[in-house]
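S.K.: Have a peek at final05.tsv (TSV, C-alpha atoms and all ligand atoms).
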```tsv
chain	number	residue	atom	x	y	z
W	1	MET	CA	-31.43	7.80	-29.59
W	2	PRO	CA	-27.82	8.25	-30.72
W	3	SER	CA	-25.53	5.30	-30.12
W	4	GLY	CA	-22.72	7.38	-28.65
W	5	TRP	CA	-20.60	10.46	-29.12
W	6	PRO	CA	-19.30	11.12	-32.62
W	7	ALA	CA	-15.87	9.65	-33.33
W	8	GLY	CA	-13.05	11.99	-32.43
W	9	ARG	CA	-15.17	14.20	-30.20
W	10	GLY	CA	-14.27	12.58	-26.92
W	11	ARG	CA	-16.49	10.75	-24.50
W	12	PRO	CA	-17.92	13.60	-22.53
W	13	PHE	CA	-19.88	11.65	-19.94
W	14	GLY	CA	-17.25	9.07	-19.05
W	15	ALA	CA	-15.19	6.44	-20.78
W	16	ALA	CA	-16.89	3.60	-22.61
W	17	PHE	CA	-16.13	0.21	-21.18
W	18	LEU	CA	-14.27	-2.01	-23.63
W	19	TRP	CA	-14.16	-5.64	-22.70
W	20	ALA	CA	-13.79	-8.62	-25.04
W	21	GLY	CA	-15.27	-6.63	-27.86
W	22	PHE	CA	-18.26	-5.44	-25.83
W	23	VAL	CA	-18.77	-1.71	-25.62
W	24	ALA	CA	-21.15	-0.77	-22.84
W	25	PRO	CA	-23.22	2.32	-23.55
W	26	VAL	CA	-21.90	5.61	-22.18
W	27	MET	CA	-24.44	6.84	-19.67
W	28	ARG	CA	-25.23	10.51	-19.57
W	29	THR	CA	-27.46	12.31	-17.11
W	30	GLY	CA	-29.40	15.52	-17.43
W	31	VAL	CA	-30.42	17.48	-14.33
W	32	ILE	CA	-33.25	20.00	-14.60
W	33	VAL	CA	-33.37	22.44	-11.70
W	34	ALA	CA	-36.94	23.52	-11.03
W	35	GLY	CA	-37.20	24.34	-7.32
W	36	GLY	CA	-37.57	28.12	-7.62
W	37	TYR	CA	-40.69	30.09	-6.70
W	38	SER	CA	-41.17	31.88	-10.05
W	39	THR	CA	-41.80	35.21	-8.30
W	40	ARG	CA	-41.28	37.34	-11.44
W	41	PHE	CA	-43.69	35.05	-13.27
W	42	GLY	CA	-46.54	35.75	-10.88
W	43	ASP	CA	-49.30	33.24	-10.29
W	44	GLY	CA	-48.39	29.64	-11.03
W	45	ASP	CA	-45.21	27.62	-11.34
W	46	LYS	CA	-43.29	28.55	-14.49
W	47	ALA	CA	-41.71	25.07	-14.56
W	48	VAL	CA	-45.00	23.58	-15.74
W	49	ALA	CA	-46.44	26.66	-17.46
W	50	ASP	CA	-47.92	25.96	-20.88
W	51	LEU	CA	-45.48	27.03	-23.56
W	52	ALA	CA	-47.01	26.66	-27.02
W	53	GLY	CA	-48.94	23.58	-25.92
W	54	THR	CA	-46.24	21.88	-23.83
W	55	PRO	CA	-45.20	22.42	-20.19
W	56	MET	CA	-41.96	24.41	-20.22
W	57	LEU	CA	-39.99	21.83	-18.24
W	58	ARG	CA	-41.13	19.12	-20.66
W	59	ARG	CA	-39.73	21.21	-23.50
W	60	VAL	CA	-36.38	21.36	-21.70
W	61	ALA	CA	-36.50	17.58	-21.13
W	62	ASP	CA	-37.38	16.92	-24.77
W	63	ARG	CA	-34.54	19.15	-26.00
W	64	LEU	CA	-32.12	17.18	-23.81
W	65	ALA	CA	-33.49	13.75	-24.78
W	66	PRO	CA	-31.11	13.12	-27.73
W	67	VAL	CA	-28.02	13.74	-25.59
W	68	ILE	CA	-28.92	12.07	-22.29
W	69	ASP	CA	-29.89	8.59	-21.08
W	70	ARG	CA	-31.34	9.52	-17.72
W	71	LEU	CA	-33.06	12.55	-16.29
W	72	VAL	CA	-33.06	13.94	-12.76
W	73	VAL	CA	-35.47	16.72	-11.89
W	74	ASN	CA	-34.88	18.80	-8.79
W	75	CYS	CA	-37.93	20.45	-7.24
W	76	ARG	CA	-39.81	21.08	-4.01
W	77	PRO	CA	-42.05	18.35	-2.59
W	78	ASP	CA	-45.20	20.28	-3.55
W	79	GLN	CA	-44.15	20.33	-7.23
W	80	ARG	CA	-43.72	16.57	-7.56
W	81	GLY	CA	-47.22	15.79	-8.87
W	82	SER	CA	-47.36	18.47	-11.55
W	83	ILE	CA	-43.81	17.76	-12.70
W	84	ALA	CA	-44.44	14.00	-12.87
W	85	ALA	CA	-47.54	14.70	-14.97
W	86	ALA	CA	-45.56	17.00	-17.28
W	87	LEU	CA	-42.99	14.25	-17.84
W	88	ALA	CA	-45.45	11.38	-18.39
W	89	GLY	CA	-44.24	9.07	-21.16
W	90	TYR	CA	-40.76	10.63	-21.31
W	91	ASP	CA	-38.14	8.78	-23.37
W	92	HIS	CA	-35.76	8.10	-20.47
W	93	SER	CA	-35.92	7.13	-16.81
W	94	VAL	CA	-36.79	10.08	-14.58
W	95	THR	CA	-35.73	10.55	-10.96
W	96	VAL	CA	-37.30	13.32	-8.93
W	97	ALA	CA	-34.85	14.78	-6.38
W	98	GLU	CA	-36.66	16.92	-3.82
W	99	ASP	CA	-35.01	19.70	-1.86
W	100	ASP	CA	-34.93	18.94	1.89
W	101	ASP	CA	-34.98	22.61	2.60
W	102	PRO	CA	-36.74	24.54	-0.18
W	103	ASP	CA	-35.91	28.11	-1.20
W	104	ARG	CA	-32.19	27.90	-0.51
W	105	GLY	CA	-31.32	29.03	-4.01
W	106	PRO	CA	-30.28	27.46	-7.31
W	107	MET	CA	-26.97	26.12	-5.99
W	108	THR	CA	-28.85	23.96	-3.49
W	109	GLY	CA	-30.99	22.76	-6.39
W	110	ILE	CA	-27.88	21.81	-8.35
W	111	LEU	CA	-26.56	20.00	-5.27
W	112	THR	CA	-29.79	18.08	-4.65
W	113	GLY	CA	-29.99	17.13	-8.32
W	114	LEU	CA	-26.36	16.04	-8.59
W	115	ARG	CA	-26.66	13.89	-5.46
W	116	ALA	CA	-29.09	11.72	-7.45
W	117	VAL	CA	-26.68	11.38	-10.41
W	118	GLU	CA	-24.68	8.19	-10.92
W	119	THR	CA	-22.65	9.22	-13.97
W	120	GLU	CA	-19.26	10.96	-13.86
W	121	PHE	CA	-20.57	14.11	-15.52
W	122	ALA	CA	-24.02	15.64	-15.78
W	123	VAL	CA	-25.53	18.52	-17.69
W	124	VAL	CA	-27.48	20.89	-15.46
W	125	VAL	CA	-30.19	23.05	-17.06
W	126	ALA	CA	-32.71	25.42	-15.50
W	127	CYS	CA	-36.37	24.60	-16.08
W	128	ASP	CA	-36.85	27.99	-17.73
W	129	MET	CA	-34.46	27.43	-20.67
W	130	PRO	CA	-36.78	25.91	-23.30
W	131	PHE	CA	-34.40	26.61	-26.19
W	132	VAL	CA	-31.46	24.63	-24.77
W	133	ALA	CA	-29.49	23.28	-27.74
W	134	PRO	CA	-28.38	19.62	-27.69
W	135	ALA	CA	-25.33	20.52	-29.79
W	136	LEU	CA	-24.20	23.03	-27.16
W	137	VAL	CA	-24.68	20.43	-24.43
W	138	GLU	CA	-22.44	18.05	-26.36
W	139	TYR	CA	-19.82	20.74	-26.76
W	140	LEU	CA	-19.94	21.69	-23.07
W	141	ALA	CA	-19.47	18.03	-22.20
W	142	GLU	CA	-16.44	17.92	-24.46
W	143	ARG	CA	-14.99	21.10	-22.92
W	144	ALA	CA	-15.51	19.73	-19.41
W	145	GLN	CA	-13.18	16.81	-20.09
W	146	GLY	CA	-10.11	17.10	-17.86
W	147	HIS	CA	-11.90	19.76	-15.76
W	148	ASP	CA	-14.69	19.89	-13.19
W	149	ALA	CA	-17.10	22.03	-15.20
W	150	ALA	CA	-17.69	23.89	-18.45
W	151	VAL	CA	-19.85	27.00	-18.15
W	152	PRO	CA	-21.05	29.25	-21.01
W	153	ARG	CA	-20.32	32.98	-20.76
W	154	VAL	CA	-22.64	35.42	-22.54
W	155	ASP	CA	-22.27	39.21	-22.38
W	156	GLY	CA	-19.61	38.73	-19.72
W	157	ARG	CA	-22.00	36.74	-17.52
W	158	ASP	CA	-21.38	33.12	-16.64
W	159	GLN	CA	-24.37	30.82	-17.02
W	160	PRO	CA	-23.99	28.04	-14.44
W	161	LEU	CA	-27.60	26.95	-14.98
W	162	GLN	CA	-26.79	25.53	-18.39
W	163	ALA	CA	-23.48	23.86	-17.78
W	164	VAL	CA	-21.77	20.49	-17.52
W	165	TYR	CA	-20.35	19.44	-14.16
W	166	ARG	CA	-18.21	16.63	-12.82
W	167	THR	CA	-20.66	15.13	-10.37
W	168	GLU	CA	-18.62	14.20	-7.29
W	169	ALA	CA	-16.37	17.27	-7.31
W	170	THR	CA	-19.35	19.58	-7.71
W	171	VAL	CA	-21.35	17.94	-4.94
W	172	ALA	CA	-18.33	18.39	-2.65
W	173	ALA	CA	-17.87	22.03	-3.70
W	174	CYS	CA	-21.57	22.85	-3.15
W	175	GLU	CA	-21.52	21.19	0.27
W	176	ALA	CA	-18.38	23.10	1.24
W	177	ALA	CA	-19.94	26.40	0.12
W	178	LEU	CA	-23.11	25.72	2.11
W	179	ALA	CA	-21.00	24.81	5.15
W	180	ARG	CA	-19.46	28.30	4.81
W	181	ASP	CA	-23.01	29.70	4.62
W	182	GLN	CA	-22.47	30.70	1.00
W	183	ARG	CA	-25.42	30.02	-1.33
W	184	ALA	CA	-24.26	31.48	-4.63
W	185	VAL	CA	-23.37	29.04	-7.40
W	186	PHE	CA	-20.14	30.99	-7.86
W	187	ALA	CA	-19.11	30.16	-4.31
W	188	ALA	CA	-19.07	26.51	-5.36
W	189	LEU	CA	-17.36	27.25	-8.69
W	190	ASN	CA	-14.52	28.90	-6.78
W	191	ASP	CA	-13.54	25.48	-5.47
W	192	LEU	CA	-13.69	23.83	-8.88
W	193	ASP	CA	-11.38	23.65	-11.86
W	194	TRP	CA	-13.86	25.06	-14.37
W	195	VAL	CA	-13.60	26.55	-17.82
W	196	PHE	CA	-15.84	29.15	-19.38
W	197	VAL	CA	-17.06	28.83	-22.92
W	198	PRO	CA	-17.18	32.22	-24.68
W	199	GLU	CA	-19.84	33.38	-27.13
W	200	GLY	CA	-17.62	32.75	-30.16
W	201	GLU	CA	-17.32	29.09	-29.22
W	202	ILE	CA	-20.99	28.76	-28.28
W	203	GLU	CA	-22.01	30.13	-31.66
W	204	THR	CA	-20.05	27.53	-33.58
W	205	HIS	CA	-22.46	24.96	-32.13
W	206	ALA	CA	-25.73	26.76	-31.36
W	207	THR	CA	-27.36	30.14	-31.24
W	208	LEU	CA	-27.28	32.17	-28.05
W	209	ASP	CA	-31.02	31.42	-27.77
W	210	SER	CA	-29.90	28.20	-26.07
W	211	LEU	CA	-29.18	30.32	-22.98
W	212	ARG	CA	-32.38	32.38	-23.15
W	213	ASN	CA	-34.51	32.02	-20.02
W	214	VAL	CA	-38.15	32.68	-19.27
W	215	ASN	CA	-38.73	34.74	-16.15
W	216	THR	CA	-41.92	36.71	-16.79
W	217	ARG	CA	-45.26	36.17	-18.51
W	218	ALA	CA	-44.00	38.48	-21.27
W	219	ASP	CA	-40.94	36.23	-21.72
W	220	LEU	CA	-43.31	33.24	-21.99
W	221	ARG	CA	-45.45	34.96	-24.63
W	222	ALA	CA	-42.37	35.91	-26.64
W	223	ALA	CA	-41.06	32.34	-26.44
W	224	ALA	CA	-44.43	30.98	-27.57
W	225	THR	CA	-44.47	33.37	-30.52
W	226	ASP	CA	-40.98	32.25	-31.57
W	227	LEU	CA	-41.85	28.57	-31.17
W	228	GLU	CA	-45.09	28.87	-33.10
W	229	GLY	CA	-43.14	30.68	-35.84
P	301	LIG	N1	-34.01	24.00	-5.96
P	301	LIG	C1	-34.08	25.32	-6.11
P	301	LIG	N2	-34.05	25.84	-7.37
P	301	LIG	C2	-34.14	27.19	-7.49
P	301	LIG	C3	-34.26	28.04	-6.37
P	301	LIG	N3	-34.33	29.32	-6.81
P	301	LIG	C4	-34.25	29.26	-8.16
P	301	LIG	N4	-34.15	27.97	-8.57
P	301	LIG	C5	-34.05	27.49	-9.95
P	301	LIG	O1	-32.99	28.18	-10.59
P	301	LIG	C6	-33.34	28.47	-11.93
P	301	LIG	C7	-33.15	29.93	-12.25
P	301	LIG	O2	-33.85	30.69	-11.30
P	301	LIG	P1	-34.86	31.87	-11.63
P	301	LIG	O3	-34.98	32.14	-13.07
P	301	LIG	O4	-34.51	33.01	-10.74
P	301	LIG	O5	-36.21	31.18	-11.16
P	301	LIG	P2	-37.10	31.45	-9.90
P	301	LIG	O6	-36.28	31.66	-8.69
P	301	LIG	O7	-38.12	30.35	-9.86
P	301	LIG	O8	-37.85	32.77	-10.33
P	301	LIG	P3	-37.81	34.22	-9.67
P	301	LIG	O9	-38.44	34.06	-8.32
P	301	LIG	O10	-38.64	35.04	-10.60
P	301	LIG	O11	-36.36	34.63	-9.61
P	301	LIG	C8	-34.75	27.96	-12.14
P	301	LIG	O12	-34.64	26.70	-12.75
P	301	LIG	C9	-35.30	27.81	-10.75
P	301	LIG	O13	-36.25	26.76	-10.64
P	301	LIG	C10	-34.30	27.45	-5.06
P	301	LIG	O14	-34.41	28.13	-4.04
P	301	LIG	N5	-34.21	26.10	-5.00
P	302	MG	MG	-34.35	32.48	-14.91
```
Write the structure described by the file as structure tokens, please.

M.R.:
Amino acid sequence: MPSGWPAGRGRPFGAAFLWAGFVAPVMRTGVIVAGGYSTRFGDGDKAVADLAGTPMLRRVADRLAPVIDRLVVNCRPDQRGSIAAALAGYDHSVTVAEDDDPDRGPMTGILTGLRAVETEFAVVVACDMPFVAPALVEYLAERAQGHDAAVPRVDGRDQPLQAVYRTEATVAACEAALARDQRAVFAALNDLDWVFVPEGEIETHATLDSLRNVNTRADLRAAATDLEG
């Protein structure tokens, strides 16, 4: 596990605590959103689908492991057992945050996950992004400093399901959007001071594969082929 953020690159997940020469570790949280119904995938929950020998969500968790200290997984109550099994023996502490009211969309998943976060910032990643790049997560965390969120933009489309958020502000924005009966992630972003991270910047830290997501069985097969090289 890395001891902290590289010198000169900021402290993306909150300031270190300096007291009488003691530097407390900077805590960083990852949130994996997994409460969807995988309808394009067909039978079975894509979150725990076998991807080249490892459940997909475990791949996401393992990719995040070098840049987080804690993990929160958002899911429905009926997914808890399979997700806990997929994360057995994980490097960091895992909190499962269940949706009270399933099927209310990804923004509700982000909200449920962030409510279980204790750090100032958190990186949110969808369970179907098995190529998420730790270096991009670090960069997003850096770009989020002084803002409420940093969101990648690829092909003109913002990618709020692989983004870094300021926890309290984002929880408040999601709650306000839901109170207005708005479920889209962008309804919450409207209330936040967020920055987008364009492709050119993404590609100085990672390939765009970091944002690739697995929606169908064909996507899963293609991902397995690429992982098995
Ligand atoms: N908590 C929660 N998460 C969701 C919900 N809908 C989608 N997600 C998550 O949002 C991410 C991106 O969603 P999709 O790729 O559309 O996944 P999905 O909804 O399971 O799949 P489709 O039904 O094929 O669209 C995934 O991590 C999903 O688990 C929801 O209603 N609640
Ligand atoms: Mg998807």

S.K.: When you draw a straight line from atom C2 of ligand LIG 301 (chain P) to CA of Leu57 (chain W), how long is it in Å?

M.R.: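 Here the two named atoms are 13.4 Å from each other.
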
S.K.: Hey, which of W:Gly42, W:Gly36, W:Gly30, W:Pro198 ends up closest to Asp155 (chain W)? Count only C-alpha atoms.

M.R.: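 Using only C-alpha atoms, the shortest distance to Asp155 (chain W) belongs to W:Pro198.
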
S.K.: Looking at W:Leu114, W:Ile202, W:Leu189, W:Leu87, which one is nearest to Tyr139 (chain W), with distances taken over only C-alpha atoms?

M.R.: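 Between W:Leu114, W:Ile202, W:Leu189, W:Leu87, the residue approaching Tyr139 (chain W) most closely is W:Ile202.
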
S.K.: Let me have all residues with an atom within 9 Å of ligand LIG 301 (chain P), counting all atoms listed in the file, laid out as a PyMOL selection string.

M.R.: chain W and resi 32-42+45-47+74-76+98-99+101-113+125-129+161+213-216

S.K.: Find the residue from W:His147, W:Arg221, W:Arg212, W:Arg80 that sits nearest to Val195 (chain W); use all atoms listed in the file when measuring.

M.R.: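 Looking only at the distances to Val195 (chain W), the closest residue turns out to be W:His147.
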
S.K.: May I have the protein, DNA and RNA residues with an atom at most 12 Å from (-47.5, 15.6, -14.9), counting only C-alpha atoms in the file's coordinates, returned as a list of chain:residue names?

M.R.: W:Ala47, W:Val48, W:Ala49, W:Asp50, W:Thr54, W:Pro55, W:Met56, W:Leu57, W:Arg58, W:Gln79, W:Arg80, W:Gly81, W:Ser82, W:Ile83, W:Ala84, W:Ala85, W:Ala86, W:Leu87, W:Ala88, W:Gly89, W:Tyr90

S.K.: How about saving the chosen residues, C-alpha atoms kept, as a PDB file, in the coordinates of the input?

M.R.:
```
ATOM      1  CA  ALA W  47     -41.710  25.070 -14.560  1.00  0.00           C
ATOM      2  CA  VAL W  48     -45.000  23.580 -15.740  1.00  0.00           C
ATOM      3  CA  ALA W  49     -46.440  26.660 -17.460  1.00  0.00           C
ATOM      4  CA  ASP W  50     -47.920  25.960 -20.880  1.00  0.00           C
ATOM      5  CA  THR W  54     -46.240  21.880 -23.830  1.00  0.00           C
ATOM      6  CA  PRO W  55     -45.200  22.420 -20.190  1.00  0.00           C
ATOM      7  CA  MET W  56     -41.960  24.410 -20.220  1.00  0.00           C
ATOM      8  CA  LEU W  57     -39.990  21.830 -18.240  1.00  0.00           C
ATOM      9  CA  ARG W  58     -41.130  19.120 -20.660  1.00  0.00           C
ATOM     10  CA  GLN W  79     -44.150  20.330  -7.230  1.00  0.00           C
ATOM     11  CA  ARG W  80     -43.720  16.570  -7.560  1.00  0.00           C
ATOM     12  CA  GLY W  81     -47.220  15.790  -8.870  1.00  0.00           C
ATOM     13  CA  SER W  82     -47.360  18.470 -11.550  1.00  0.00           C
ATOM     14  CA  ILE W  83     -43.810  17.760 -12.700  1.00  0.00           C
ATOM     15  CA  ALA W  84     -44.440  14.000 -12.870  1.00  0.00           C
ATOM     16  CA  ALA W  85     -47.540  14.700 -14.970  1.00  0.00           C
ATOM     17  CA  ALA W  86     -45.560  17.000 -17.280  1.00  0.00           C
ATOM     18  CA  LEU W  87     -42.990  14.250 -17.840  1.00  0.00           C
ATOM     19  CA  ALA W  88     -45.450  11.380 -18.390  1.00  0.00           C
ATOM     20  CA  GLY W  89     -44.240   9.070 -21.160  1.00  0.00           C
ATOM     21  CA  TYR W  90     -40.760  10.630 -21.310  1.00  0.00           C
TER      22      TYR W  90
END
```

S.K.: Measuring atom to atom with only C-alpha atoms, identify which of W:Ile68, W:Leu211, W:Val96, W:Val60 is nearest to Ala141 (chain W).

M.R.: W:Ile68
